[in-house]
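Structure first, then comments.
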Amino acid sequence: MRGACGAKLLGLAAPQAYSAAMVHVGIGYDVHALLAGRKLILGGVDIPHAKGLDGHSDADVLMHAICDAILGALGEADIGRLFPNTDPRWRNAPSRIFLNEARRLAGVRQGKIVNVDATLIAQEPKIFPHIRQMKTNIAAALEMRVEQVGLKATTNEHLGFIGREEGIAAMAVAGVDLP
Ligand code: MG
């Protein structure tokens with residue numbers, strides 16, 4: 001294949017034909033347990049709730065999943081490698097710093113984060129009232145416009161550990177335009 005088609009070929013067979021217009025996608029998933037006596041921080045919003053997420057940092061499961069999606073698009077190691085939970089620097093750390101770092105790593109590669117999209121899976125509390133603020137926080141941490149951040153929430157229909165309110169999960173994808 002040649003020409004317009006050839007220019008879009010990927011892989012070792014045609015590295016010189018790698019298109020600058022290519023967007024890399026990444027996927028992220030995270031889950032944290034709900035515990036009494038912890039704050040519930042989701043998308044950088046402190047949500048009043050009987051339980052919060054357990055973890056070394058602020059345990060913001062949503063920002064963690066988005067961070068991993070961006071790191072995935074860059075082909076980097078995951079958030080647990082970059083920010084080990086054995087490192088006291090990240091104890092109770094606000095997770096926006098992890099997004100700041102993912103953004104910085106994209107910048108080092110001259111990459112631009114095109115969009116992120118995420119789904120929070122939580123039986124309780126209601127997420128919808130906080131979506132706008134979460135999007136604002138995520139966009140700020142990534143130096144993006146709010147319109148580039150997708151965010152939805154769903155319950156788990158009372159099924160499994162999420163349905164029993166033992167934990168909250170998040171999944172995310174990210175598109176990164178890499179030269
Ligand atoms: Mg996590």
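Chain labels A, B, ... are given in the sequence in which chains occur in the structure tokens; within each chain residues are numbered consecutively from 1, and ligands are likewise numbered from 1 in the order shown.
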For His24 of chain A, work out the shell of residues within 9 Å, counting only C-alpha atoms and skipping chain neighbours fewer than 4 positions away, then give it as a PyMOL selection string. chain A and resi 72-74+174-178
Can you check which residues of chain A DSSP gives as alpha helix (DSSP H) on the backbone and send them as a ChimeraX atom specification?
/A:3-6,61-74,79-82,96-108,131-142,160-163
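Among the candidate residues A:Ala36, A:Ala77, A:Met144, A:Ala172, the one lying nearest to Leu120 of chain A is A:Ala172, with distances computed using only C-alpha atoms.
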| task | List all protein, DNA and RNA residues that have any atom at most 7 Å from ligand 1, counting only C-alpha atoms and all ligand atoms, and write the list as number ranges by chain. | result | A: 30-32, 59-61, 64
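The shortest atom-to-atom distance to Asn115 of chain A, with only C-alpha atoms taken into account, belongs to A:Ala139 out of A:Ala139, A:Ala153, A:Leu159, A:Ile41.
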Dump as CSV the rows for residues of segment 23-67 of chain A within 8 Å of segment 97-112 of chain A: closest atom pair and distance in Å with one decimal, only C-alpha atoms counted, ordered by chain and rising residue number.
residue,atom,partner,partner_atom,distance
A:Met63,CA,A:Leu99,CA,7.0
A:His64,CA,A:Phe98,CA,7.6
A:Ile66,CA,A:Leu99,CA,7.7
A:Cys67,CA,A:Leu99,CA,5.5
| query | Do you know which residues are at most 10 Å from Gly37 of chain A counting only C-alpha atoms, after dropping those on the same chain fewer than 4 positions away, and could you put them as a PyMOL selection string? | reply | chain A and resi 49-54
Keeping only N, CA and C atoms, write the selected residues to a file as a PDB file, in the first residue's frame.
ATOM      1  N   HIS A  49     -20.615  11.815  52.682  1.00  0.00           N
ATOM      2  CA  HIS A  49     -21.123  10.442  52.597  1.00  0.00           C
ATOM      3  C   HIS A  49     -20.672   9.700  53.848  1.00  0.00           C
ATOM      4  N   ALA A  50     -21.398   8.656  54.200  1.00  0.00           N
ATOM      5  CA  ALA A  50     -21.085   7.903  55.420  1.00  0.00           C
ATOM      6  C   ALA A  50     -19.734   7.196  55.316  1.00  0.00           C
ATOM      7  N   LYS A  51     -19.333   6.845  54.099  1.00  0.00           N
ATOM      8  CA  LYS A  51     -18.061   6.140  53.900  1.00  0.00           C
ATOM      9  C   LYS A  51     -17.248   6.852  52.827  1.00  0.00           C
ATOM     10  N   GLY A  52     -15.938   6.599  52.846  1.00  0.00           N
ATOM     11  CA  GLY A  52     -15.060   7.151  51.821  1.00  0.00           C
ATOM     12  C   GLY A  52     -14.187   6.056  51.255  1.00  0.00           C
ATOM     13  N   LEU A  53     -13.403   6.398  50.255  1.00  0.00           N
ATOM     14  CA  LEU A  53     -12.575   5.388  49.593  1.00  0.00           C
ATOM     15  C   LEU A  53     -11.242   5.224  50.300  1.00  0.00           C
ATOM     16  N   ASP A  54     -10.865   3.965  50.491  1.00  0.00           N
ATOM     17  CA  ASP A  54      -9.610   3.629  51.148  1.00  0.00           C
ATOM     18  C   ASP A  54      -8.475   3.675  50.128  1.00  0.00           C
TER      19      ASP A  54
END
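Nearest to Thr86 of chain A of all the residues A:Arg145, A:Ile113, A:His56, A:Ala69 is A:His56, counting only C-alpha atoms.
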What separates atom CA of Gly43 of chain A and atom CA of Gln123 of chain A is a distance of 16.4 Å
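You can rank A:Gly75, A:Leu82, A:Gly28, A:Leu151 by their closest distance to Ile127 of chain A using only C-alpha atoms, and at the top of that list sits A:Leu151.
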In Å and to one decimal, atom CA of Met22 of chain A is distant from atom CA of Arg132 of chain A by 29.6 Å
Per DSSP on the backbone, what are the strand (DSSP E) residues of chain A, as a PyMOL selection string? chain A and resi 23-36+41-42+45-46+51-53+112-121+149-154+167-177
Store the residues picked out above in a file with N, CA and C atoms, as a short mmCIF file (atom, residue, chain, number, x, y, z; two decimals), in the first residue's frame.
data_model
loop_
_atom_site.label_atom_id
_atom_site.label_comp_id
_atom_site.auth_asym_id
_atom_site.auth_seq_id
_atom_site.Cartn_x
_atom_site.Cartn_y
_atom_site.Cartn_z
N VAL A 23 -4.20 9.69 16.50
CA VAL A 23 -4.57 9.80 17.91
C VAL A 23 -4.42 8.43 18.56
N HIS A 24 -3.65 8.41 19.63
CA HIS A 24 -3.50 7.18 20.38
C HIS A 24 -4.59 7.13 21.44
N VAL A 25 -5.17 5.96 21.65
CA VAL A 25 -6.17 5.83 22.70
C VAL A 25 -5.60 4.98 23.83
N GLY A 26 -6.08 5.25 25.02
CA GLY A 26 -5.67 4.47 26.19
C GLY A 26 -6.88 4.16 27.03
N ILE A 27 -6.77 3.11 27.82
CA ILE A 27 -7.87 2.69 28.69
C ILE A 27 -7.37 2.64 30.13
N GLY A 28 -8.25 2.99 31.04
CA GLY A 28 -7.90 2.93 32.46
C GLY A 28 -9.05 2.37 33.28
N TYR A 29 -8.71 1.66 34.33
CA TYR A 29 -9.72 1.12 35.24
C TYR A 29 -9.16 1.18 36.65
N ASP A 30 -10.00 1.50 37.61
CA ASP A 30 -9.55 1.48 39.00
C ASP A 30 -10.73 1.17 39.90
N VAL A 31 -10.41 0.66 41.06
CA VAL A 31 -11.43 0.37 42.07
C VAL A 31 -10.80 0.60 43.44
N HIS A 32 -11.58 1.16 44.34
CA HIS A 32 -11.14 1.32 45.74
C HIS A 32 -12.28 0.89 46.66
N ALA A 33 -11.89 0.38 47.83
CA ALA A 33 -12.88 -0.06 48.81
C ALA A 33 -13.45 1.13 49.58
N LEU A 34 -14.71 1.02 49.94
CA LEU A 34 -15.37 2.04 50.78
C LEU A 34 -15.19 1.67 52.25
N LEU A 35 -14.76 2.66 53.01
CA LEU A 35 -14.51 2.45 54.44
C LEU A 35 -15.11 3.60 55.24
N ALA A 36 -15.64 3.28 56.41
CA ALA A 36 -16.09 4.34 57.32
C ALA A 36 -14.87 5.13 57.79
N ILE A 41 -13.66 11.33 48.00
CA ILE A 41 -13.20 12.30 47.00
C ILE A 41 -13.36 11.66 45.63
N LEU A 42 -14.20 12.25 44.81
CA LEU A 42 -14.40 11.74 43.44
C LEU A 42 -14.27 12.89 42.46
N VAL A 45 -13.90 16.24 44.01
CA VAL A 45 -15.00 16.80 44.81
C VAL A 45 -15.12 16.01 46.11
N ASP A 46 -15.16 16.72 47.21
CA ASP A 46 -15.33 16.12 48.53
C ASP A 46 -16.83 15.97 48.76
N LYS A 51 -19.33 6.84 54.10
CA LYS A 51 -18.06 6.14 53.90
C LYS A 51 -17.25 6.85 52.83
N GLY A 52 -15.94 6.60 52.85
CA GLY A 52 -15.06 7.15 51.82
C GLY A 52 -14.19 6.06 51.26
N LEU A 53 -13.40 6.40 50.26
CA LEU A 53 -12.57 5.39 49.59
C LEU A 53 -11.24 5.22 50.30
N LYS A 112 -0.78 15.98 22.63
CA LYS A 112 -1.91 16.78 23.11
C LYS A 112 -3.03 15.83 23.48
N ILE A 113 -3.53 15.98 24.68
CA ILE A 113 -4.67 15.16 25.08
C ILE A 113 -5.90 15.70 24.37
N VAL A 114 -6.48 14.88 23.52
CA VAL A 114 -7.62 15.31 22.72
C VAL A 114 -8.90 15.29 23.55
N ASN A 115 -9.10 14.18 24.26
CA ASN A 115 -10.27 14.08 25.12
C ASN A 115 -10.07 12.97 26.13
N VAL A 116 -10.81 13.03 27.20
CA VAL A 116 -10.93 11.90 28.11
C VAL A 116 -12.42 11.66 28.31
N ASP A 117 -12.77 10.40 28.56
CA ASP A 117 -14.16 10.06 28.84
C ASP A 117 -14.14 8.98 29.91
N ALA A 118 -15.01 9.12 30.89
CA ALA A 118 -14.98 8.18 32.01
C ALA A 118 -16.39 7.85 32.48
N THR A 119 -16.50 6.70 33.12
CA THR A 119 -17.74 6.30 33.78
C THR A 119 -17.42 5.90 35.21
N LEU A 120 -18.13 6.51 36.14
CA LEU A 120 -18.03 6.13 37.55
C LEU A 120 -19.12 5.10 37.82
N ILE A 121 -18.77 4.05 38.57
CA ILE A 121 -19.75 3.02 38.90
C ILE A 121 -19.87 2.98 40.42
N VAL A 149 -13.83 16.84 28.33
CA VAL A 149 -13.95 15.84 29.39
C VAL A 149 -15.37 15.27 29.39
N GLY A 150 -15.47 13.97 29.15
CA GLY A 150 -16.75 13.27 29.25
C GLY A 150 -16.83 12.57 30.59
N LEU A 151 -17.98 12.59 31.19
CA LEU A 151 -18.13 11.93 32.50
C LEU A 151 -19.57 11.49 32.70
N LYS A 152 -19.73 10.20 32.96
CA LYS A 152 -21.04 9.65 33.26
C LYS A 152 -20.95 8.85 34.55
N ALA A 153 -22.10 8.55 35.11
CA ALA A 153 -22.13 7.71 36.31
C ALA A 153 -23.28 6.72 36.18
N THR A 154 -23.06 5.56 36.77
CA THR A 154 -24.12 4.54 36.79
C THR A 154 -24.06 3.83 38.12
N GLY A 167 -17.41 -0.88 47.52
CA GLY A 167 -16.38 -0.17 46.76
C GLY A 167 -16.98 0.61 45.62
N ILE A 168 -16.15 1.43 45.01
CA ILE A 168 -16.54 2.23 43.84
C ILE A 168 -15.48 2.00 42.76
N ALA A 169 -15.92 1.89 41.51
CA ALA A 169 -15.00 1.67 40.40
C ALA A 169 -15.16 2.78 39.36
N ALA A 170 -14.14 2.93 38.55
CA ALA A 170 -14.21 3.89 37.44
C ALA A 170 -13.47 3.31 36.26
N MET A 171 -13.97 3.60 35.07
CA MET A 171 -13.26 3.25 33.84
C MET A 171 -13.15 4.49 32.97
N ALA A 172 -12.10 4.53 32.18
CA ALA A 172 -11.87 5.74 31.40
C ALA A 172 -11.14 5.41 30.11
N VAL A 173 -11.33 6.26 29.13
CA VAL A 173 -10.51 6.23 27.92
C VAL A 173 -9.96 7.64 27.70
N ALA A 174 -8.84 7.67 26.99
CA ALA A 174 -8.23 8.96 26.65
C ALA A 174 -7.72 8.89 25.23
N GLY A 175 -7.83 10.00 24.52
CA GLY A 175 -7.22 10.13 23.21
C GLY A 175 -6.08 11.14 23.29
N VAL A 176 -4.92 10.73 22.82
CA VAL A 176 -3.76 11.62 22.85
C VAL A 176 -3.17 11.71 21.46
N ASP A 177 -3.11 12.93 20.94
CA ASP A 177 -2.53 13.18 19.62
C ASP A 177 -1.01 13.28 19.79
#
Taken to one decimal, the atom CA of Gly160 of chain A-atom CA of Pro94 of chain A distance is 28.4 Å
Can you tell me which residues surround segment 90-92 of chain A at a distance of at most 9 Å, considering only C-alpha atoms, apart from same-chain residues fewer than 3 positions away, and format the answer as number ranges by chain? A: 55-59, 83-87, 95
May I have the residues from that selection written out with C-alpha atoms, as a PDB file, in the first residue's frame?
ATOM      1  CA  GLY A  55      -6.172   4.171  49.664  1.00  0.00           C
ATOM      2  CA  HIS A  56      -2.722   5.623  50.095  1.00  0.00           C
ATOM      3  CA  SER A  57      -3.505   8.905  48.311  1.00  0.00           C
ATOM      4  CA  ASP A  58      -6.917  10.584  48.495  1.00  0.00           C
ATOM      5  CA  ALA A  59      -8.106   7.426  46.660  1.00  0.00           C
ATOM      6  CA  PHE A  83       3.405   6.790  42.170  1.00  0.00           C
ATOM      7  CA  PRO A  84       4.040   3.731  44.390  1.00  0.00           C
ATOM      8  CA  ASN A  85       1.744   3.410  47.402  1.00  0.00           C
ATOM      9  CA  THR A  86       4.852   2.767  49.478  1.00  0.00           C
ATOM     10  CA  ASP A  87       6.105   6.316  48.855  1.00  0.00           C
ATOM     11  CA  SER A  95      -4.956  12.920  42.924  1.00  0.00           C
TER      12      SER A  95
END
